[in-house]
Amino acid sequence: MKKISYALFIGPLVFAPLAFGTVEHWSLLVMQLMIAAAICAFCMQRKQTTEKLLRVPGLLPLIILVGWMILQIVPLPVTIVKILSPETYQVYKPVYDMLEGNSWMPLSVYAKGTMLECIRITTYIFFYILTVQILSDSERLKRTVMICSWLAIGIGFVAILQKFSSPEKIYWLRSVPSNTMPIGPWVYRSQYCGFVELVAPLVLALALYYRPLVASEESLRKRIVAFFSKDDGGNFYILLGFGLLVLASSVFISLARGGIIALCLSLLFFFLLLAWKEAKYSNLLYMGFFSCLVLSVSWFGWDPIVERFDKIFTSTGELNVDRFLIWQDSWQLFKDFWLTGSGFGTFIAAFPHYRTFPGESIYDHAHNDYLELLTDGGIIGFLLAAWFVLAVIHQGWKMLRRRRDRYSILLSIGALAGIVALLIHSISDFNMHNGAVGLYFFFICGLLVSAGHTRFHYQMNTTLLPKSSWLSQNILLFAGGVFFCLVVFGQGGVTLAQYQYNSIKHIYLSRQLSEQRLQEVSSGLQSAARLDPLEGLYPFYQGDVQRYLNNPEKALSSYILASLKDPLDGAFLQRIGLLLPRDRQKDAEYLLEIGAQRTLKKDQLMLTRVEWLLVTTQRSKAIEVLREAIAVKPNLLKVVMPLLQSFSFTREELAAVLPDSVESWLQCGIFTEKTGTLEDAAYFWQHALDFLDKESTIQPGWFSHLFNYYKKQKNEEKALEVLRLGIEKIPNYPRFHEWLGDYYAKEGIVYRALEEYQQALLLEPLNEALRRKIEKLSKPQQK
């Protein structure tokens, strides 16, 4: 049973990094089930003993932290939520106003995200407990560190080969999104660096441990011979040293700035501690650290790395880091949820409501683990996490000062350096939210405790850790059983629901679908909702299905249920507004407006609101909303015009919608021409150039389009007027001069045509067609 429990303990350490960093639901599920099985096997192994388990430093804050996560999920009376988190109440208020008699709501603004995060952190806690218990045996401790070191070296070697042979695929097989830069098994290079930062100091510790001791008074030749003839680790020293170089090199070629800085600082920290603890290693402070740095960089060249760091600054010397914008908006999020947080795992849902910079990119993390801990867990969550980390570091530091065993000292320093590295890197990235990196962080924390307390030359007790006053295998087994149920019904349910949904999501919902087909989709969505009851997407699409089945009451109930599960999704709120009866028009307009604010896809939801305003005969309000939106984003006009046409907008109404810009009026004219209303098109084009003085940048295409239109209409006078205005506004555009020359040549005014052709040739000297026109006109002149 000991071998089985140990194998199940090692399994997640090997699986997590190899399974693409364990970021997908299936890999998280497998990792969590392996750890649950390891807990069961470990407790069964100890069923014959009544002794308490070893005391686990920092366990109390972790238990409280999990309790805090659970409290964020559990519905509380509205009065308590108003007191603890007024902003959370405001988030849920638009939905709860639709309900009568429901006076309970959770603190989390996205309960599913908090639930999954709670399971993930609980997984790490159980693995931390197992690490402290299992690695209290010196042989298992040494074997585990060796396995992790060789695994990391192998991954580093694969990462380098993959980087230069197949940089866009993981394992040369799996493609990744176009906006990512994979390295090794990870899609994101920063998370790969987070893994290496944790393990590389352990590899260095092992290399130094196996470094053969050679008498310094011997000659150089004798020392070299003695070094290679020793049987006590010379080969391991060389191989592990080379492995460390491979890991360091892979971090540098990843070009992850935060990873490079964190690794260098962690190695520096390692050598500083080593020089403090054992004076004989003081020379390694310079020789080891700088040689590793120089060799790693020089091996692949400095230029890509220097270029990567240069991008931090603009040409004027200002900082150019997009993360600053995220941090600035995240800070506003924290200020609104400063005490309780918005809920662990809710950043992806809450951040769009606070985002101030443009774009539709989705930010699922704050790129700063400390800031995200504040936004998600509030001051309470942050203090609990800090309590745990400080408790582990304090315990490791205390034992490092006491221990004299060489292996214990080196391993403790390596574990401390790894923890420090990730704490540094967490300032600029979200490594703690990666499945594999998070697991290894808690493993290294347990390793620090074990390295400081495990006795490597013992006669009685194998560890210096005292027994826990309350933690026994029965308690751990019971807790492990509860954890197993959470994994199966929580993470497992989410994974199976996603699989169920994937089988029907390709079906395009519309009224043209047969009733039988709609019922099949409805049944599939019901199955997914039963497996994943906290997901709002399934009842949302169920509402669409019921709407097409002409069941408006069921559709409205489904939309309300979806909004209760994810109140910050604006599309859910807008669907409720669209289905409210006419006598609740004010509520509907409020929901449509709030929904448009709570999304990144503001264009799409703005159109939904406009459509509702038009359906409810609020044309003036719809025109006002459209004008404001198009003024900010003129490209919306192409999307809006078909909607306006379907509601028979008059020329005057269209003009009221259009902002004072040339492009908008031109585009409106183009659309009305395509729909056959040529008089309206002529009206919009005729007035398009009235707004030239309000434009900061004038485009030649505006004049070109109108010139060609009037030419097509055989209105030479108007075409000439537009052309001369274009030359006045953009005198250096050669095509206008050429067209004016063509007009003069056609009218027989040769000298003026030559003037315009020559002016165009000055602006475009390589235009052979212009030269031929000039030659053709010049020949009669010479005769």
# chains A, B, ... in the order shown; residues from 1 in each chain; ligands from 1
>>> closest_atom_pairs(of="range 430-543 of chain A", to="range 551-566 of chain A", cutoff="10 Å", atoms="only C-alpha atoms", output="Markdown table")
| residue | atom | partner | partner_atom | distance |
| --- | --- | --- | --- | --- |
| A:Pro533 | CA | A:Lys565 | CA | 8.8 |
| A:Leu534 | CA | A:Lys565 | CA | 5.9 |
| A:Glu535 | CA | A:Lys565 | CA | 6.4 |
| A:Gly536 | CA | A:Ala562 | CA | 4.2 |
| A:Leu537 | CA | A:Ala562 | CA | 6.6 |
| A:Tyr538 | CA | A:Ala562 | CA | 7.5 |
| A:Pro539 | CA | A:Ser558 | CA | 5.1 |
| A:Phe540 | CA | A:Tyr559 | CA | 5.3 |
| A:Tyr541 | CA | A:Ser558 | CA | 8.3 |
| A:Gln542 | CA | A:Ser558 | CA | 6.4 |
| A:Gly543 | CA | A:Ala555 | CA | 4.0 |
>>> residues_around(residues="Lys3 in chain A", least_positions_apart="4", cutoff="12 Å", atoms="only C-alpha atoms", output="list in words")
Ala7, Leu8, Phe9, Ile10, Ala38, Ala41, Phe42, Gln45, Ile134 and Arg140 of chain A
>>> write_last_selection(atoms="N, CA, C and O atoms", output="CSV table (one decimal), in the first residue's frame")
chain,number,residue,atom,x,y,z
A,7,ALA,N,3.1,6.1,-5.4
A,7,ALA,CA,2.9,6.3,-6.9
A,7,ALA,C,1.8,7.2,-7.2
A,7,ALA,O,1.9,8.1,-8.2
A,8,LEU,N,0.7,7.2,-6.5
A,8,LEU,CA,-0.4,8.1,-6.7
A,8,LEU,C,0.0,9.5,-6.3
A,8,LEU,O,-0.5,10.5,-6.9
A,9,PHE,N,0.9,9.7,-5.4
A,9,PHE,CA,1.4,11.0,-5.0
A,9,PHE,C,2.3,11.6,-6.1
A,9,PHE,O,2.2,12.8,-6.5
A,10,ILE,N,3.1,10.7,-6.7
A,10,ILE,CA,4.1,11.2,-7.8
A,10,ILE,C,3.3,11.5,-9.1
A,10,ILE,O,3.6,12.4,-9.8
A,38,ALA,N,-4.9,9.4,-4.1
A,38,ALA,CA,-3.7,9.4,-3.2
A,38,ALA,C,-4.0,9.6,-1.8
A,38,ALA,O,-3.4,9.0,-0.9
A,41,ALA,N,-5.5,6.3,-0.5
A,41,ALA,CA,-4.4,5.2,-0.4
A,41,ALA,C,-3.6,5.5,0.8
A,41,ALA,O,-3.2,4.6,1.6
A,42,PHE,N,-3.2,6.8,1.0
A,42,PHE,CA,-2.4,7.2,2.2
A,42,PHE,C,-3.1,6.8,3.5
A,42,PHE,O,-2.5,6.3,4.4
A,45,GLN,N,-3.3,3.1,4.1
A,45,GLN,CA,-2.0,2.6,4.5
A,45,GLN,C,-1.7,2.8,6.0
A,45,GLN,O,-1.1,1.9,6.6
A,134,ILE,N,4.1,12.5,3.5
A,134,ILE,CA,4.8,11.5,2.7
A,134,ILE,C,6.3,11.7,2.7
A,134,ILE,O,7.1,10.8,2.8
A,140,ARG,N,12.1,8.7,0.5
A,140,ARG,CA,11.1,9.2,-0.4
A,140,ARG,C,11.3,10.6,-0.8
A,140,ARG,O,11.0,11.0,-1.9
>>> closest_residue(among="A:Ser149, A:Gln618, A:Ser136, A:Ser166", to="Phe456 in chain A", atoms="only C-alpha atoms")
A:Ser136
>>> atom_distance(atom1="CA of Asp137 in chain A", atom2="CA of Gly243 in chain A")
26.1 Å
>>> residues_around(residues="range 337-354 of chain A", least_positions_apart="4", cutoff="8 Å", atoms="only C-alpha atoms", output="PyMOL selection string")
chain A and resi 69+72-73+84-85+87-88+107-111+113-114+116-118+329-330+332-333+362-366+372-381+568-569+597-600
>>> residues_around(residues="Glu716 in chain A", least_positions_apart="4", cutoff="12 Å", atoms="only C-alpha atoms", output="list in words")
Leu706, Phe707, Asn708, Tyr709, Tyr710, Lys711, Lys712, Leu720, Glu721, Val722, Leu723, Leu740, Tyr743, Tyr744, Lys746 and Glu747 of chain A
>>> residues_around(residues="Gln758 in chain A", least_positions_apart="2", cutoff="10 Å", atoms="only C-alpha atoms", output="list in words")
Pro734, His737, Glu738, Gly741, Arg752, Ala753, Leu754, Glu755, Glu756, Ala760, Leu761, Leu762, Leu763, Glu764, Pro765, Leu770, Arg771, Lys773 and Ile774 of chain A
>>> residues_around(residues="Glu663 in chain A", least_positions_apart="5", cutoff="12 Å", atoms="only C-alpha atoms", output="PyMOL selection string")
chain A and resi 630-631+633-638+658+668-670+684-685+687-692+694-695+697-703+705-706
>>> residues_around(residues="Gln491 in chain A", least_positions_apart="4", cutoff="7 Å", atoms="only C-alpha atoms", output="number ranges by chain")
A: 29, 116, 487, 495
>>> atom_distance(atom1="CA of Arg575 in chain A", atom2="CA of Val615 in chain A")
14.3 Å
>>> atom_distance(atom1="CA of Ser178 in chain A", atom2="CA of Leu198 in chain A")
27.8 Å
>>> closest_atom_pairs(of="range 527-568 of chain A", to="range 512-520 of chain A", cutoff="9 Å", atoms="only C-alpha atoms", output="Markdown table")
| residue | atom | partner | partner_atom | distance |
| --- | --- | --- | --- | --- |
| A:Val545 | CA | A:Leu518 | CA | 6.3 |
| A:Gln546 | CA | A:Leu518 | CA | 8.4 |
| A:Tyr548 | CA | A:Leu518 | CA | 8.0 |
| A:Leu549 | CA | A:Glu515 | CA | 6.9 |
>>> write_last_selection(atoms="all heavy atoms", output="JSON list (two decimals), in the first residue's frame")
[["chain", "number", "residue", "atom", "x", "y", "z"],
["A", 545, "VAL", "N", -34.58, 28.65, -27.19],
["A", 545, "VAL", "CA", -35.36, 27.53, -27.72],
["A", 545, "VAL", "C", -36.83, 27.69, -27.39],
["A", 545, "VAL", "O", -37.71, 27.52, -28.26],
["A", 545, "VAL", "CB", -34.82, 26.19, -27.17],
["A", 545, "VAL", "CG1", -35.74, 25.04, -27.56],
["A", 545, "VAL", "CG2", -33.41, 25.92, -27.67],
["A", 546, "GLN", "N", -37.14, 28.04, -26.15],
["A", 546, "GLN", "CA", -38.54, 28.19, -25.75],
["A", 546, "GLN", "C", -39.21, 29.35, -26.48],
["A", 546, "GLN", "O", -40.41, 29.30, -26.78],
["A", 546, "GLN", "CB", -38.63, 28.38, -24.23],
["A", 546, "GLN", "CG", -38.16, 27.20, -23.41],
["A", 546, "GLN", "CD", -38.91, 25.93, -23.74],
["A", 546, "GLN", "OE1", -40.13, 25.94, -23.98],
["A", 546, "GLN", "NE2", -38.19, 24.81, -23.76],
["A", 548, "TYR", "N", -38.55, 30.24, -29.57],
["A", 548, "TYR", "CA", -38.87, 29.75, -30.91],
["A", 548, "TYR", "C", -39.98, 28.71, -30.88],
["A", 548, "TYR", "O", -40.63, 28.46, -31.89],
["A", 548, "TYR", "CB", -37.62, 29.17, -31.57],
["A", 548, "TYR", "CG", -36.55, 30.20, -31.82],
["A", 548, "TYR", "CD1", -35.21, 29.93, -31.55],
["A", 548, "TYR", "CD2", -36.87, 31.45, -32.33],
["A", 548, "TYR", "CE1", -34.23, 30.88, -31.77],
["A", 548, "TYR", "CE2", -35.91, 32.41, -32.55],
["A", 548, "TYR", "CZ", -34.58, 32.12, -32.27],
["A", 548, "TYR", "OH", -33.62, 33.07, -32.49],
["A", 549, "LEU", "N", -40.19, 28.08, -29.71],
["A", 549, "LEU", "CA", -41.30, 27.14, -29.55],
["A", 549, "LEU", "C", -42.58, 27.85, -29.11],
["A", 549, "LEU", "O", -43.58, 27.20, -28.77],
["A", 549, "LEU", "CB", -40.93, 26.08, -28.50],
["A", 549, "LEU", "CG", -39.91, 25.03, -28.95],
["A", 549, "LEU", "CD1", -39.47, 24.18, -27.76],
["A", 549, "LEU", "CD2", -40.48, 24.14, -30.05]]
>>> select_by_dssp(residues="range 580-630 of chain A", states="alpha helix (DSSP H)", output="PyMOL selection string")
chain A and resi 585-597+602-615+619-630
>>> write_last_selection(atoms="N, CA and C atoms", output="tab-separated table (two decimals), in the first residue's frame")
chain	number	residue	atom	x	y	z
A	585	GLN	N	-42.68	48.59	-19.45
A	585	GLN	CA	-41.77	49.17	-20.43
A	585	GLN	C	-40.57	49.84	-19.77
A	586	LYS	N	-40.79	50.49	-18.64
A	586	LYS	CA	-39.66	51.15	-17.96
A	586	LYS	C	-38.65	50.13	-17.46
A	587	ASP	N	-39.13	49.03	-16.90
A	587	ASP	CA	-38.22	47.96	-16.45
A	587	ASP	C	-37.43	47.40	-17.63
A	588	ALA	N	-38.12	47.21	-18.75
A	588	ALA	CA	-37.46	46.66	-19.93
A	588	ALA	C	-36.36	47.58	-20.42
A	589	GLU	N	-36.65	48.88	-20.50
A	589	GLU	CA	-35.64	49.83	-20.97
A	589	GLU	C	-34.44	49.88	-20.02
A	590	TYR	N	-34.72	49.79	-18.72
A	590	TYR	CA	-33.64	49.79	-17.72
A	590	TYR	C	-32.73	48.57	-17.90
A	591	LEU	N	-33.34	47.40	-18.11
A	591	LEU	CA	-32.55	46.17	-18.29
A	591	LEU	C	-31.75	46.22	-19.59
A	592	LEU	N	-32.34	46.77	-20.64
A	592	LEU	CA	-31.62	46.87	-21.91
A	592	LEU	C	-30.43	47.81	-21.79
A	593	GLU	N	-30.61	48.89	-21.07
A	593	GLU	CA	-29.52	49.85	-20.90
A	593	GLU	C	-28.41	49.28	-20.02
A	594	ILE	N	-28.78	48.65	-18.90
A	594	ILE	CA	-27.80	48.03	-18.02
A	594	ILE	C	-27.06	46.90	-18.74
A	595	GLY	N	-27.81	46.11	-19.51
A	595	GLY	CA	-27.20	45.02	-20.26
A	595	GLY	C	-26.17	45.50	-21.24
A	596	ALA	N	-26.44	46.63	-21.91
A	596	ALA	CA	-25.49	47.18	-22.87
A	596	ALA	C	-24.20	47.64	-22.18
A	597	GLN	N	-24.30	48.03	-20.92
A	597	GLN	CA	-23.12	48.48	-20.18
A	597	GLN	C	-22.27	47.31	-19.69
A	602	LYS	N	-20.43	45.68	-26.90
A	602	LYS	CA	-21.42	46.73	-26.72
A	602	LYS	C	-22.17	47.02	-28.02
A	603	ASP	N	-21.52	46.82	-29.18
A	603	ASP	CA	-22.19	47.10	-30.44
A	603	ASP	C	-23.40	46.20	-30.63
A	604	GLN	N	-23.20	44.91	-30.40
A	604	GLN	CA	-24.27	43.95	-30.58
A	604	GLN	C	-25.44	44.21	-29.63
A	605	LEU	N	-25.12	44.48	-28.36
A	605	LEU	CA	-26.19	44.71	-27.39
A	605	LEU	C	-26.83	46.08	-27.57
A	606	MET	N	-26.08	47.03	-28.11
A	606	MET	CA	-26.67	48.33	-28.41
A	606	MET	C	-27.74	48.18	-29.49
A	607	LEU	N	-27.48	47.34	-30.49
A	607	LEU	CA	-28.46	47.12	-31.54
A	607	LEU	C	-29.72	46.45	-30.99
A	608	THR	N	-29.53	45.54	-30.02
A	608	THR	CA	-30.69	44.91	-29.39
A	608	THR	C	-31.56	45.96	-28.71
A	609	ARG	N	-30.91	46.86	-28.02
A	609	ARG	CA	-31.66	47.92	-27.34
A	609	ARG	C	-32.37	48.82	-28.35
A	610	VAL	N	-31.68	49.18	-29.44
A	610	VAL	CA	-32.28	50.04	-30.46
A	610	VAL	C	-33.48	49.35	-31.10
A	611	GLU	N	-33.34	48.06	-31.37
A	611	GLU	CA	-34.45	47.32	-31.97
A	611	GLU	C	-35.67	47.33	-31.05
A	612	TRP	N	-35.42	47.15	-29.75
A	612	TRP	CA	-36.54	47.18	-28.81
A	612	TRP	C	-37.18	48.56	-28.78
A	613	LEU	N	-36.39	49.62	-28.81
A	613	LEU	CA	-36.94	50.98	-28.80
A	613	LEU	C	-37.80	51.21	-30.04
A	614	LEU	N	-37.36	50.68	-31.17
A	614	LEU	CA	-38.14	50.86	-32.40
A	614	LEU	C	-39.42	50.04	-32.36
A	615	VAL	N	-39.34	48.83	-31.81
A	615	VAL	CA	-40.53	47.98	-31.70
A	615	VAL	C	-41.56	48.63	-30.80
A	619	ARG	N	-39.02	55.97	-31.44
A	619	ARG	CA	-38.08	56.25	-32.52
A	619	ARG	C	-37.10	57.37	-32.15
A	620	SER	N	-37.57	58.41	-31.49
A	620	SER	CA	-36.69	59.53	-31.15
A	620	SER	C	-35.59	59.07	-30.19
A	621	LYS	N	-35.95	58.20	-29.23
A	621	LYS	CA	-34.95	57.68	-28.29
A	621	LYS	C	-33.96	56.78	-29.03
A	622	ALA	N	-34.47	55.99	-29.97
A	622	ALA	CA	-33.60	55.12	-30.76
A	622	ALA	C	-32.62	55.93	-31.59
A	623	ILE	N	-33.09	57.02	-32.17
A	623	ILE	CA	-32.23	57.89	-32.99
A	623	ILE	C	-31.13	58.50	-32.12
A	624	GLU	N	-31.48	58.90	-30.91
A	624	GLU	CA	-30.51	59.49	-29.99
A	624	GLU	C	-29.41	58.48	-29.62
A	625	VAL	N	-29.82	57.24	-29.30
A	625	VAL	CA	-28.86	56.20	-28.93
A	625	VAL	C	-27.94	55.89	-30.11
A	626	LEU	N	-28.53	55.77	-31.30
A	626	LEU	CA	-27.74	55.45	-32.49
A	626	LEU	C	-26.74	56.54	-32.81
A	627	ARG	N	-27.16	57.78	-32.72
A	627	ARG	CA	-26.27	58.90	-33.05
A	627	ARG	C	-25.06	58.92	-32.12
A	628	GLU	N	-25.28	58.68	-30.82
A	628	GLU	CA	-24.18	58.66	-29.86
A	628	GLU	C	-23.22	57.50	-30.16
A	629	ALA	N	-23.77	56.35	-30.49
A	629	ALA	CA	-22.92	55.18	-30.75
A	629	ALA	C	-22.12	55.34	-32.03
A	630	ILE	N	-22.75	55.83	-33.11
A	630	ILE	CA	-22.05	55.96	-34.39
A	630	ILE	C	-21.01	57.07	-34.34
>>> closest_residue(among="A:Arg211, A:Ser254, A:Val196, A:Ser428", to="Thr180 in chain A", atoms="only C-alpha atoms")
A:Ser254
>>> closest_residue(among="A:Ile170, A:Ala262, A:Ile64, A:Leu411", to="Leu204 in chain A", atoms="only C-alpha atoms")
A:Leu411
>>> closest_residue(among="A:Glu653, A:Glu139, A:Asp544, A:Glu278", to="Ala571 in chain A", atoms="only C-alpha atoms")
A:Asp544
